[in-house]
>>> print(open('run06.cif').read())   # mmCIF, C-alpha atoms
data_model
#
loop_
_atom_site.label_atom_id
_atom_site.label_comp_id
_atom_site.auth_asym_id
_atom_site.auth_seq_id
_atom_site.Cartn_x
_atom_site.Cartn_y
_atom_site.Cartn_z
CA MET A 1 -63.92 62.16 -197.88
CA PRO A 2 -62.73 58.56 -198.33
CA ASP A 3 -62.36 56.45 -195.20
CA THR A 4 -58.66 56.34 -194.42
CA THR A 5 -59.01 54.15 -191.36
CA GLY A 6 -56.67 51.17 -191.66
CA ALA A 7 -57.68 47.57 -191.22
CA SER A 8 -57.48 46.02 -187.76
CA TYR A 9 -57.55 42.58 -186.15
CA ALA A 10 -60.80 43.50 -184.38
CA ALA A 11 -62.42 44.56 -187.65
CA ALA A 12 -61.40 41.19 -189.10
CA GLY A 13 -63.34 39.50 -186.32
CA VAL A 14 -60.71 38.69 -183.68
CA ASP A 15 -61.31 40.22 -180.23
CA ILE A 16 -58.06 40.08 -178.24
CA GLU A 17 -59.65 41.78 -175.21
CA ALA A 18 -62.38 39.13 -175.07
CA GLY A 19 -59.70 36.45 -175.16
CA ASP A 20 -57.87 38.09 -172.27
CA ARG A 21 -61.08 38.23 -170.25
CA ALA A 22 -61.70 34.54 -170.94
CA VAL A 23 -58.25 33.73 -169.52
CA GLU A 24 -59.00 35.70 -166.37
CA LEU A 25 -62.32 33.93 -165.89
CA MET A 26 -60.81 30.44 -166.28
CA LYS A 27 -57.87 30.92 -163.92
CA GLU A 28 -59.75 29.91 -160.77
CA TRP A 29 -60.81 26.62 -162.35
CA VAL A 30 -57.36 25.75 -163.66
CA LYS A 31 -55.95 26.41 -160.18
CA LYS A 32 -58.14 23.62 -158.77
CA THR A 33 -56.27 21.06 -160.90
CA ARG A 34 -52.82 22.00 -159.63
CA ARG A 35 -50.44 19.21 -158.62
CA PRO A 36 -47.23 19.75 -156.58
CA GLU A 37 -45.13 19.17 -159.71
CA VAL A 38 -46.70 22.07 -161.64
CA LEU A 39 -44.60 25.24 -161.90
CA GLY A 40 -45.82 28.70 -162.79
CA GLY A 41 -49.35 29.78 -163.55
CA LEU A 42 -51.74 30.18 -166.44
CA GLY A 43 -50.72 32.61 -169.15
CA GLY A 44 -47.18 31.53 -169.94
CA PHE A 45 -46.07 30.29 -173.32
CA ALA A 46 -45.72 26.73 -172.01
CA GLY A 47 -47.00 24.72 -169.08
CA LEU A 48 -44.23 23.48 -166.78
CA PHE A 49 -44.16 20.15 -164.95
CA ASP A 50 -41.26 19.23 -162.64
CA ALA A 51 -39.95 15.95 -164.09
CA SER A 52 -37.70 15.39 -161.07
CA ALA A 53 -40.80 13.78 -159.57
CA LEU A 54 -40.04 10.84 -161.86
CA LYS A 55 -36.73 10.13 -160.10
CA ASN A 56 -38.60 7.72 -157.84
CA TYR A 57 -39.21 5.48 -160.84
CA GLU A 58 -36.60 2.93 -161.85
CA ARG A 59 -37.57 3.14 -165.53
CA PRO A 60 -40.39 5.61 -166.10
CA LEU A 61 -42.30 5.30 -169.35
CA LEU A 62 -44.23 8.37 -170.51
CA ALA A 63 -47.63 7.69 -172.08
CA SER A 64 -49.35 10.30 -174.23
CA ALA A 65 -52.71 10.59 -175.97
CA THR A 66 -54.78 13.19 -177.78
CA ASP A 67 -58.46 13.32 -178.66
CA GLY A 68 -61.53 15.49 -179.00
CA VAL A 69 -65.22 15.35 -178.13
CA GLY A 70 -66.57 15.04 -181.66
CA THR A 71 -70.01 16.16 -182.76
CA LYS A 72 -71.33 15.98 -179.19
CA VAL A 73 -70.26 19.63 -179.03
CA ASP A 74 -73.20 20.46 -181.31
CA ILE A 75 -75.60 19.21 -178.62
CA ALA A 76 -73.89 21.49 -176.11
CA ARG A 77 -74.14 24.40 -178.54
CA GLN A 78 -77.83 23.86 -179.19
CA LEU A 79 -78.61 23.59 -175.48
CA GLY A 80 -76.32 26.43 -174.45
CA VAL A 81 -74.66 24.16 -171.88
CA TYR A 82 -70.88 24.39 -171.98
CA ASP A 83 -69.58 23.13 -168.63
CA THR A 84 -69.97 19.37 -169.17
CA ILE A 85 -68.15 18.56 -172.41
CA GLY A 86 -64.84 19.17 -170.65
CA HIS A 87 -65.48 15.96 -168.71
CA ASP A 88 -65.86 14.19 -172.04
CA LEU A 89 -62.57 15.60 -173.28
CA VAL A 90 -60.60 14.53 -170.21
CA ALA A 91 -62.17 11.07 -170.29
CA MET A 92 -61.33 10.54 -173.95
CA VAL A 93 -57.69 11.43 -173.32
CA MET A 94 -56.88 10.22 -169.82
CA ASP A 95 -58.84 6.97 -169.93
CA ASP A 96 -56.79 6.05 -173.00
CA ILE A 97 -53.61 6.78 -171.05
CA VAL A 98 -54.59 4.71 -168.01
CA VAL A 99 -55.22 1.64 -170.19
CA CYS A 100 -51.49 0.87 -170.17
CA GLY A 101 -51.37 1.34 -166.40
CA ALA A 102 -50.08 4.91 -166.52
CA GLU A 103 -50.93 7.52 -163.90
CA PRO A 104 -52.30 10.69 -165.56
CA LEU A 105 -49.96 13.64 -164.91
CA PHE A 106 -50.98 16.67 -166.93
CA MET A 107 -53.11 17.86 -169.82
CA THR A 108 -53.41 20.77 -172.24
CA ASP A 109 -56.50 21.83 -174.16
CA TYR A 110 -57.31 23.54 -177.44
CA ILE A 111 -60.58 25.43 -177.87
CA CYS A 112 -61.45 26.75 -181.32
CA VAL A 113 -64.33 29.23 -181.60
CA GLY A 114 -65.93 31.40 -184.25
CA LYS A 115 -66.19 34.24 -181.76
CA VAL A 116 -64.81 34.46 -178.23
CA HIS A 117 -67.58 34.68 -175.68
CA PRO A 118 -65.50 34.89 -172.47
CA GLU A 119 -68.08 33.33 -170.16
CA ARG A 120 -68.68 30.49 -172.61
CA VAL A 121 -64.97 29.71 -172.96
CA ALA A 122 -64.56 29.86 -169.19
CA ALA A 123 -67.44 27.39 -168.77
CA ILE A 124 -65.77 24.96 -171.16
CA VAL A 125 -62.49 25.24 -169.25
CA LYS A 126 -64.37 24.80 -165.96
CA GLY A 127 -65.61 21.43 -167.23
CA ILE A 128 -62.13 20.43 -168.37
CA ALA A 129 -60.70 21.40 -164.98
CA GLU A 130 -63.36 19.43 -163.13
CA GLY A 131 -62.57 16.45 -165.34
CA CYS A 132 -58.87 16.78 -164.60
CA VAL A 133 -59.61 16.68 -160.87
CA LEU A 134 -61.60 13.47 -161.39
CA ALA A 135 -58.70 12.00 -163.39
CA GLY A 136 -56.05 13.13 -160.89
CA CYS A 137 -54.12 15.22 -163.42
CA ALA A 138 -53.20 18.87 -163.76
CA LEU A 139 -54.39 21.24 -166.48
CA VAL A 140 -51.12 23.03 -167.23
CA GLY A 141 -52.16 25.16 -170.18
CA GLY A 142 -54.04 25.45 -173.41
CA GLU A 143 -55.07 27.65 -176.29
CA THR A 144 -58.23 29.46 -177.29
CA ALA A 145 -58.25 30.29 -181.00
CA GLU A 146 -60.77 32.60 -182.65
CA HIS A 147 -61.53 31.70 -186.29
CA PRO A 148 -64.02 34.21 -187.73
CA GLY A 149 -65.10 33.39 -191.24
CA LEU A 150 -64.32 29.70 -190.79
CA LEU A 151 -66.70 29.07 -187.88
CA GLY A 152 -70.02 30.71 -187.07
CA ALA A 153 -70.17 33.04 -184.09
CA ASP A 154 -71.63 30.28 -181.88
CA ASP A 155 -69.62 27.38 -183.31
CA PHE A 156 -66.73 25.80 -181.43
CA ASP A 157 -64.68 22.64 -181.05
CA VAL A 158 -62.44 21.26 -178.32
CA ALA A 159 -59.45 18.93 -178.26
CA GLY A 160 -56.77 18.02 -175.78
CA ALA A 161 -53.55 16.14 -175.19
CA GLY A 162 -52.34 14.44 -172.04
CA THR A 163 -49.30 12.75 -170.54
CA GLY A 164 -48.99 10.01 -167.94
CA VAL A 165 -46.27 7.81 -166.48
CA VAL A 166 -45.94 4.12 -165.70
CA GLU A 167 -43.09 2.04 -164.30
CA ALA A 168 -41.77 -0.16 -167.11
CA ASP A 169 -42.24 -3.40 -165.20
CA ARG A 170 -45.87 -2.45 -164.44
CA LEU A 171 -46.82 -1.74 -168.03
CA LEU A 172 -50.15 -3.42 -168.83
CA GLY A 173 -51.11 -4.97 -172.13
CA PRO A 174 -51.45 -8.10 -174.27
CA ASP A 175 -48.24 -9.71 -173.01
CA ARG A 176 -49.78 -10.19 -169.57
CA ILE A 177 -53.09 -11.75 -170.63
CA ARG A 178 -53.56 -15.48 -170.11
CA SER A 179 -56.24 -18.03 -170.97
CA GLY A 180 -58.70 -18.22 -168.08
CA ASP A 181 -58.48 -14.52 -167.23
CA THR A 182 -61.71 -12.78 -166.27
CA VAL A 183 -63.18 -9.83 -168.17
CA ILE A 184 -64.80 -7.30 -165.83
CA ALA A 185 -67.08 -4.64 -167.31
CA MET A 186 -67.52 -1.16 -165.84
CA ALA A 187 -70.79 0.56 -166.67
CA SER A 188 -70.83 3.63 -168.86
CA SER A 189 -72.73 6.77 -167.91
CA GLY A 190 -74.52 6.71 -171.24
CA LEU A 191 -73.38 7.33 -174.81
CA HIS A 192 -70.12 8.90 -173.60
CA SER A 193 -68.53 10.76 -176.54
CA ASN A 194 -68.65 8.46 -179.54
CA GLY A 195 -71.20 7.78 -182.25
CA TYR A 196 -72.90 11.18 -182.07
CA SER A 197 -72.93 11.58 -185.84
CA LEU A 198 -75.17 8.50 -185.97
CA VAL A 199 -77.14 9.50 -182.87
CA ARG A 200 -77.83 13.04 -184.12
CA HIS A 201 -78.79 11.78 -187.58
CA VAL A 202 -81.15 9.13 -186.21
CA LEU A 203 -82.81 11.01 -183.36
CA LEU A 204 -82.77 14.65 -184.46
CA ASN A 205 -82.79 14.51 -188.26
CA GLU A 206 -84.68 11.34 -189.17
CA GLY A 207 -86.63 10.96 -185.93
CA GLY A 208 -87.48 14.64 -185.61
CA LEU A 209 -87.10 14.51 -181.83
CA ALA A 210 -86.61 17.77 -179.97
CA LEU A 211 -83.82 18.13 -177.42
CA ASP A 212 -86.29 19.51 -174.88
CA SER A 213 -88.69 16.56 -175.28
CA HIS A 214 -89.40 14.23 -172.35
CA LEU A 215 -89.36 10.55 -173.31
CA ASP A 216 -90.58 7.52 -171.35
CA GLY A 217 -87.85 5.76 -169.42
CA PHE A 218 -85.46 8.71 -169.16
CA GLY A 219 -86.71 10.88 -166.33
CA ARG A 220 -85.17 13.93 -168.03
CA THR A 221 -85.11 15.63 -171.40
CA LEU A 222 -83.52 14.05 -174.43
CA GLY A 223 -80.94 16.84 -174.50
CA GLU A 224 -79.93 16.18 -170.91
CA GLU A 225 -79.54 12.49 -171.70
CA LEU A 226 -77.41 13.16 -174.77
CA LEU A 227 -75.23 15.63 -172.89
CA GLU A 228 -74.55 13.29 -169.93
CA PRO A 229 -70.77 13.54 -169.34
CA THR A 230 -68.49 10.62 -170.07
CA LYS A 231 -67.50 8.72 -166.94
CA ILE A 232 -63.83 9.12 -166.06
CA TYR A 233 -62.32 5.80 -164.93
CA SER A 234 -58.66 6.78 -164.46
CA LEU A 235 -58.53 6.72 -160.66
CA ASP A 236 -60.75 3.63 -160.52
CA CYS A 237 -58.33 1.76 -162.77
CA LEU A 238 -55.34 2.90 -160.71
CA ALA A 239 -57.14 1.74 -157.57
CA LEU A 240 -57.59 -1.71 -159.11
CA MET A 241 -53.88 -1.88 -159.88
CA SER A 242 -53.02 -0.99 -156.30
CA THR A 243 -55.30 -3.59 -154.72
CA THR A 244 -54.97 -6.63 -156.99
CA GLU A 245 -53.26 -7.97 -160.10
CA VAL A 246 -54.48 -6.54 -163.40
CA HIS A 247 -53.32 -7.69 -166.81
CA ALA A 248 -54.93 -5.13 -169.13
CA PHE A 249 -57.64 -2.52 -169.57
CA SER A 250 -59.67 -1.64 -172.64
CA HIS A 251 -61.32 1.77 -173.05
CA VAL A 252 -64.57 1.30 -175.00
CA THR A 253 -64.77 4.22 -177.44
CA GLY A 254 -65.21 4.46 -181.21
CA GLY A 255 -65.56 1.01 -182.73
CA GLY A 256 -67.50 -0.45 -179.82
CA LEU A 257 -66.77 -3.06 -177.19
CA ALA A 258 -65.57 -6.01 -179.26
CA ALA A 259 -63.21 -3.99 -181.48
CA ASN A 260 -61.60 -2.15 -178.57
CA LEU A 261 -61.24 -5.30 -176.49
CA ALA A 262 -59.61 -7.05 -179.44
CA ARG A 263 -56.86 -4.41 -179.42
CA VAL A 264 -55.41 -5.86 -176.20
CA ILE A 265 -55.90 -9.57 -176.93
CA PRO A 266 -52.63 -11.36 -177.84
CA GLU A 267 -52.18 -13.78 -180.71
CA GLY A 268 -53.54 -17.20 -179.83
CA LEU A 269 -56.20 -16.05 -177.36
CA HIS A 270 -59.84 -15.01 -177.69
CA ALA A 271 -62.12 -12.88 -175.50
CA VAL A 272 -65.75 -13.88 -175.07
CA VAL A 273 -68.17 -11.34 -173.58
CA ASP A 274 -71.69 -12.42 -172.65
CA ARG A 275 -74.38 -9.86 -173.46
CA SER A 276 -76.76 -11.47 -170.96
CA THR A 277 -74.69 -10.08 -168.06
CA TRP A 278 -76.08 -6.56 -168.48
CA THR A 279 -78.89 -4.44 -169.91
CA PRO A 280 -77.92 -1.46 -172.08
CA GLY A 281 -79.49 1.83 -171.05
CA ALA A 282 -82.67 3.18 -172.63
CA VAL A 283 -80.80 5.57 -174.93
CA PHE A 284 -79.22 2.69 -176.85
CA ASP A 285 -82.61 1.11 -177.46
CA LEU A 286 -83.99 4.50 -178.51
CA VAL A 287 -81.30 4.94 -181.15
CA GLY A 288 -81.78 1.39 -182.41
CA ARG A 289 -85.58 1.58 -182.64
CA THR A 290 -85.82 5.10 -184.04
CA GLY A 291 -83.27 4.51 -186.77
CA ARG A 292 -84.00 0.79 -187.30
CA VAL A 293 -80.29 0.29 -186.67
CA GLU A 294 -79.22 -3.34 -186.63
CA ARG A 295 -77.67 -4.62 -183.41
CA LEU A 296 -74.24 -5.26 -184.91
CA GLU A 297 -74.17 -1.72 -186.31
CA LEU A 298 -75.06 -0.31 -182.89
CA GLU A 299 -72.38 -2.45 -181.24
CA LYS A 300 -69.61 -1.26 -183.53
CA THR A 301 -70.63 2.38 -183.08
CA LEU A 302 -71.77 2.77 -179.45
CA ASN A 303 -70.48 1.45 -176.13
CA MET A 304 -73.81 -0.27 -175.34
CA GLY A 305 -73.48 0.46 -171.63
CA VAL A 306 -69.85 -0.55 -171.00
CA GLY A 307 -67.20 2.17 -170.83
CA MET A 308 -64.13 0.32 -169.56
CA LEU A 309 -63.03 -3.32 -169.33
CA ALA A 310 -60.48 -4.87 -166.99
CA ILE A 311 -58.80 -8.18 -167.78
CA LEU A 312 -57.32 -9.89 -164.74
CA PRO A 313 -56.59 -13.32 -163.23
CA GLU A 314 -59.67 -15.24 -162.10
CA GLU A 315 -58.39 -15.22 -158.51
CA SER A 316 -58.37 -11.39 -158.55
CA THR A 317 -62.04 -11.16 -159.46
CA ASP A 318 -63.57 -10.82 -156.00
CA VAL A 319 -61.09 -8.18 -154.83
CA ALA A 320 -61.52 -6.24 -158.07
CA LEU A 321 -65.31 -6.19 -157.85
CA ALA A 322 -65.17 -5.18 -154.19
CA THR A 323 -62.74 -2.37 -154.97
CA LEU A 324 -64.92 -0.99 -157.75
CA THR A 325 -68.08 -1.31 -155.65
CA ASP A 326 -66.42 0.61 -152.82
CA ARG A 327 -65.61 3.36 -155.32
CA GLY A 328 -69.21 3.53 -156.54
CA VAL A 329 -68.50 1.91 -159.91
CA ASP A 330 -71.15 -0.46 -161.27
CA ALA A 331 -69.09 -3.48 -162.37
CA TRP A 332 -69.64 -7.15 -163.11
CA VAL A 333 -68.04 -10.24 -164.63
CA ALA A 334 -68.88 -10.01 -168.31
CA GLY A 335 -66.70 -12.68 -169.89
CA GLU A 336 -63.44 -14.57 -170.03
CA ILE A 337 -60.29 -15.13 -172.05
CA THR A 338 -60.07 -18.48 -173.82
CA ASP A 339 -57.72 -20.24 -176.17
CA ARG A 340 -58.31 -19.16 -179.75
CA GLY A 341 -59.72 -22.49 -180.92
CA ASP A 342 -61.80 -22.02 -184.06
CA HIS A 343 -62.69 -18.41 -183.18
CA GLY A 344 -59.47 -16.67 -184.20
CA THR A 345 -57.65 -14.04 -182.20
CA GLY A 346 -59.82 -11.14 -181.07
CA ALA A 347 -63.06 -10.64 -179.15
CA ALA A 348 -66.71 -11.52 -179.64
CA LEU A 349 -70.05 -10.81 -178.02
CA VAL A 350 -72.32 -13.78 -177.45
CA GLY A 351 -75.90 -14.28 -176.24
CA ASP A 352 -78.66 -11.71 -175.91
CA TYR A 353 -78.85 -8.66 -173.67
CA ALA A 354 -80.69 -9.06 -170.37
CA VAL A 355 -84.10 -7.37 -170.19
#
>>> encode(input="run06.cif", output="structure tokens")
Amino acid sequence: MPDTTGASYAAAGVDIEAGDRAVELMKEWVKKTRRPEVLGGLGGFAGLFDASALKNYERPLLASATDGVGTKVDIARQLGVYDTIGHDLVAMVMDDIVVCGAEPLFMTDYICVGKVHPERVAAIVKGIAEGCVLAGCALVGGETAEHPGLLGADDFDVAGAGTGVVEADRLLGPDRIRSGDTVIAMASSGLHSNGYSLVRHVLLNEGGLALDSHLDGFGRTLGEELLEPTKIYSLDCLALMSTTEVHAFSHVTGGGLAANLARVIPEGLHAVVDRSTWTPGAVFDLVGRTGRVERLELEKTLNMGVGMLAILPEESTDVALATLTDRGVDAWVAGEITDRGDHGTGAALVGDYAV
């Protein structure tokens, strides 16, 4: 007899029960991010945040950002490690928001998978929740979408969006920067979450290096180095603002240090950053040597050891460095703001890296 069984969602590759189990597994992690302003729990159609908390502001400005983790997720997939890339996601979103001086408030995530593996999805959300705690924001909701036929059973991607708030008269940016200001660099934790298309091509494809290989100067496997979570600077930046005067921040992501710093430099001024004030980590040298990548190409692709920059008055320098040191952040004076002169508006790296 012919099969008269009708088509079903499950037969098409979507497992609703697995999705429900993933939600149950992630609830305990989302709960850890809860702020007093959050209403309701996980599972509603929308996350709720009590905006009456903003009544204490004279003129609250909402700041929003969205981002993903990029091809770093492929490293996580190959290693079977899923609870760290959430840190990367939160950092990419919330460290953009804090650049204008905004306090991170809440975040939502989007996880797209070829097949829902509940424990795997829960591990990803665990990392996002841990990142939200480090950024001081709540994870108020999200979406897990199963896309069979478009993604392989083990393939996935993550993205997120966040919101923060800043008092209008405390908004940071180019208008505050003055000639003579100091540029303070905050060390990155490694590659962070940018440039992985180049890194994977150079190290894994052309270089033929294995993720489980141990290389001199790392003290761990290559895979562990590449999967090192992005440092989250949000609370460190807010601490600087509360202890001393800050004019601007620059989050060093895609495009590198000079290009991202140039985004906050006003017309008529120029930022000069001295490479000799720090030594990039071993992973940057590994990428450069293995792929014979020229220094300028590395610098416009990778962060080269600096994840966040603070621009502030020279007289604020000592307090700023002390504040960051007390918070365990490796920071140093890396440059200064000068009149444009013959350099043009923007930012430039000068000198050679310390060895």
>>> resolve_selection(input="run06.cif", expression="the PyMOL selection byres ((chain A and resi 311) around 6)", output="MDAnalysis selection string")
chainID A and resid 182:183 247:248 310 312
>>> resolve_selection(input="run06.cif", expression="the PyMOL selection byres ((chain A and resi 59) around 8)", output="number ranges by chain")
A: 57-58, 60-61, 167-168
>>> closest_atom_pairs(input="run06.cif", of="segment 202-309 of chain A", to="segment 118-133 of chain A", cutoff="12 Å", atoms="all atoms listed in the file", output="Markdown table")
| residue | atom | partner | partner_atom | distance |
| --- | --- | --- | --- | --- |
| A:Pro229 | CA | A:Gly131 | CA | 9.6 |
| A:Thr230 | CA | A:Gly131 | CA | 9.6 |
| A:Lys231 | CA | A:Gly131 | CA | 9.3 |
| A:Ile232 | CA | A:Gly131 | CA | 7.5 |
| A:Tyr233 | CA | A:Gly131 | CA | 10.7 |
| A:Ser234 | CA | A:Cys132 | CA | 10.0 |
| A:Leu235 | CA | A:Val133 | CA | 10.0 |
>>> atom_distance(input="run06.cif", atom1="atom CA of Leu54 of chain A", atom2="atom CA of Arg176 of chain A")
24.4 Å
>>> resolve_selection(input="run06.cif", expression="the PyMOL selection byres ((chain A and resi 355) around 12)", output="ChimeraX atom specification")
/A:275-282,285,352-354
>>> residues_around(input="run06.cif", residues="segment 212-220 of chain A", least_positions_apart="4", cutoff="9 Å", atoms="all atoms listed in the file", output="PDB file with C-alpha atoms, in the coordinates of the input")
ATOM      1  CA  LEU A  79     -78.610  23.590-175.480  1.00  0.00           C
ATOM      2  CA  GLU A 224     -79.930  16.180-170.910  1.00  0.00           C
ATOM      3  CA  GLU A 225     -79.540  12.490-171.700  1.00  0.00           C
ATOM      4  CA  ALA A 282     -82.670   3.180-172.630  1.00  0.00           C
ATOM      5  CA  VAL A 283     -80.800   5.570-174.930  1.00  0.00           C
TER       6      VAL A 283
END
>>> closest_residue(input="run06.cif", among="A:Thr301, A:Thr338, A:Thr345, A:Asn56", to="Asn194 of chain A", atoms="all atoms listed in the file")
A:Thr301
>>> closest_residue(input="run06.cif", among="A:Gly195, A:Pro36, A:Gly80, A:Gly291", to="Cys137 of chain A", atoms="all atoms listed in the file")
A:Pro36
>>> residues_around(input="run06.cif", residues="Arg178 of chain A", least_positions_apart="4", cutoff="12 Å", atoms="only C-alpha atoms", output="JSON, numbers by chain")
{"A": [173, 174, 182, 183, 246, 247, 248, 264, 265, 266, 267, 268, 269, 270, 271, 311, 312, 313, 314, 336, 337, 338, 339, 340]}
>>> closest_residue(input="run06.cif", among="A:Ala145, A:Val98, A:Met308, A:Val293", to="Val113 of chain A", atoms="all atoms listed in the file")
A:Ala145
>>> atom_distance(input="run06.cif", atom1="atom CA of Gly207 of chain A", atom2="atom CA of Asn260 of chain A")
29.2 Å
>>> atom_distance(input="run06.cif", atom1="atom CA of Gly346 of chain A", atom2="atom CA of Glu103 of chain A")
26.9 Å
>>> residues_around(input="run06.cif", residues="Ala210 of chain A", least_positions_apart="4", cutoff="10 Å", atoms="all atoms listed in the file", output="MDAnalysis selection string")
chainID A and resid 203:205 214 221:223
>>> closest_residue(input="run06.cif", among="A:Leu324, A:Leu134, A:Leu302, A:Leu172", to="Phe249 of chain A", atoms="all atoms listed in the file")
A:Leu172
>>> closest_residue(input="run06.cif", among="A:Leu150, A:Leu39, A:Leu48, A:Leu238", to="Gly136 of chain A", atoms="only C-alpha atoms")
A:Leu238
>>> closest_residue(input="run06.cif", among="A:Glu245, A:Glu206, A:Asp157, A:Asp109", to="Arg170 of chain A", atoms="all atoms listed in the file")
A:Glu245
>>> build_atoms(input="run06.cif", residues="segment 213-228 of chain A", atoms="N, CA, C and O atoms", output="PDB file, in the coordinates of the input")
ATOM      1  N   SER A 213     -87.587  17.507-175.451  1.00  0.00           N
ATOM      2  CA  SER A 213     -88.690  16.560-175.280  1.00  0.00           C
ATOM      3  C   SER A 213     -88.416  15.606-174.128  1.00  0.00           C
ATOM      4  O   SER A 213     -87.273  15.244-173.849  1.00  0.00           O
ATOM      5  N   HIS A 214     -89.486  15.206-173.446  1.00  0.00           N
ATOM      6  CA  HIS A 214     -89.400  14.230-172.350  1.00  0.00           C
ATOM      7  C   HIS A 214     -89.875  12.886-172.898  1.00  0.00           C
ATOM      8  O   HIS A 214     -90.992  12.772-173.396  1.00  0.00           O
ATOM      9  N   LEU A 215     -89.033  11.871-172.782  1.00  0.00           N
ATOM     10  CA  LEU A 215     -89.360  10.550-173.310  1.00  0.00           C
ATOM     11  C   LEU A 215     -89.503   9.544-172.170  1.00  0.00           C
ATOM     12  O   LEU A 215     -88.828   9.648-171.139  1.00  0.00           O
ATOM     13  N   ASP A 216     -90.378   8.555-172.363  1.00  0.00           N
ATOM     14  CA  ASP A 216     -90.580   7.520-171.350  1.00  0.00           C
ATOM     15  C   ASP A 216     -89.279   6.782-171.084  1.00  0.00           C
ATOM     16  O   ASP A 216     -88.538   6.427-172.002  1.00  0.00           O
ATOM     17  N   GLY A 217     -89.015   6.546-169.803  1.00  0.00           N
ATOM     18  CA  GLY A 217     -87.850   5.760-169.420  1.00  0.00           C
ATOM     19  C   GLY A 217     -86.588   6.562-169.173  1.00  0.00           C
ATOM     20  O   GLY A 217     -85.566   5.999-168.796  1.00  0.00           O
ATOM     21  N   PHE A 218     -86.649   7.899-169.363  1.00  0.00           N
ATOM     22  CA  PHE A 218     -85.460   8.710-169.160  1.00  0.00           C
ATOM     23  C   PHE A 218     -85.487   9.518-167.873  1.00  0.00           C
ATOM     24  O   PHE A 218     -84.466   9.696-167.225  1.00  0.00           O
ATOM     25  N   GLY A 219     -86.632  10.058-167.530  1.00  0.00           N
ATOM     26  CA  GLY A 219     -86.710  10.880-166.330  1.00  0.00           C
ATOM     27  C   GLY A 219     -86.067  12.254-166.499  1.00  0.00           C
ATOM     28  O   GLY A 219     -85.834  12.968-165.523  1.00  0.00           O
ATOM     29  N   ARG A 220     -85.740  12.624-167.722  1.00  0.00           N
ATOM     30  CA  ARG A 220     -85.170  13.930-168.030  1.00  0.00           C
ATOM     31  C   ARG A 220     -85.327  14.157-169.523  1.00  0.00           C
ATOM     32  O   ARG A 220     -85.805  13.282-170.243  1.00  0.00           O
ATOM     33  N   THR A 221     -84.931  15.326-169.983  1.00  0.00           N
ATOM     34  CA  THR A 221     -85.110  15.630-171.400  1.00  0.00           C
ATOM     35  C   THR A 221     -84.106  14.837-172.241  1.00  0.00           C
ATOM     36  O   THR A 221     -83.066  14.380-171.754  1.00  0.00           O
ATOM     37  N   LEU A 222     -84.424  14.729-173.524  1.00  0.00           N
ATOM     38  CA  LEU A 222     -83.520  14.050-174.430  1.00  0.00           C
ATOM     39  C   LEU A 222     -82.165  14.756-174.474  1.00  0.00           C
ATOM     40  O   LEU A 222     -81.113  14.116-174.482  1.00  0.00           O
ATOM     41  N   GLY A 223     -82.190  16.087-174.475  1.00  0.00           N
ATOM     42  CA  GLY A 223     -80.940  16.840-174.500  1.00  0.00           C
ATOM     43  C   GLY A 223     -80.077  16.560-173.298  1.00  0.00           C
ATOM     44  O   GLY A 223     -78.846  16.419-173.415  1.00  0.00           O
ATOM     45  N   GLU A 224     -80.691  16.481-172.134  1.00  0.00           N
ATOM     46  CA  GLU A 224     -79.930  16.180-170.910  1.00  0.00           C
ATOM     47  C   GLU A 224     -79.329  14.787-170.981  1.00  0.00           C
ATOM     48  O   GLU A 224     -78.196  14.570-170.525  1.00  0.00           O
ATOM     49  N   GLU A 225     -80.059  13.854-171.543  1.00  0.00           N
ATOM     50  CA  GLU A 225     -79.540  12.490-171.700  1.00  0.00           C
ATOM     51  C   GLU A 225     -78.349  12.473-172.656  1.00  0.00           C
ATOM     52  O   GLU A 225     -77.322  11.835-172.380  1.00  0.00           O
ATOM     53  N   LEU A 226     -78.475  13.164-173.774  1.00  0.00           N
ATOM     54  CA  LEU A 226     -77.410  13.160-174.770  1.00  0.00           C
ATOM     55  C   LEU A 226     -76.166  13.906-174.289  1.00  0.00           C
ATOM     56  O   LEU A 226     -75.056  13.631-174.743  1.00  0.00           O
ATOM     57  N   LEU A 227     -76.348  14.838-173.368  1.00  0.00           N
ATOM     58  CA  LEU A 227     -75.230  15.630-172.890  1.00  0.00           C
ATOM     59  C   LEU A 227     -74.610  15.052-171.606  1.00  0.00           C
ATOM     60  O   LEU A 227     -73.674  15.634-171.060  1.00  0.00           O
ATOM     61  N   GLU A 228     -75.113  13.926-171.131  1.00  0.00           N
ATOM     62  CA  GLU A 228     -74.550  13.290-169.930  1.00  0.00           C
ATOM     63  C   GLU A 228     -73.041  13.111-170.117  1.00  0.00           C
ATOM     64  O   GLU A 228     -72.578  12.522-171.089  1.00  0.00           O
TER      65      GLU A 228
END
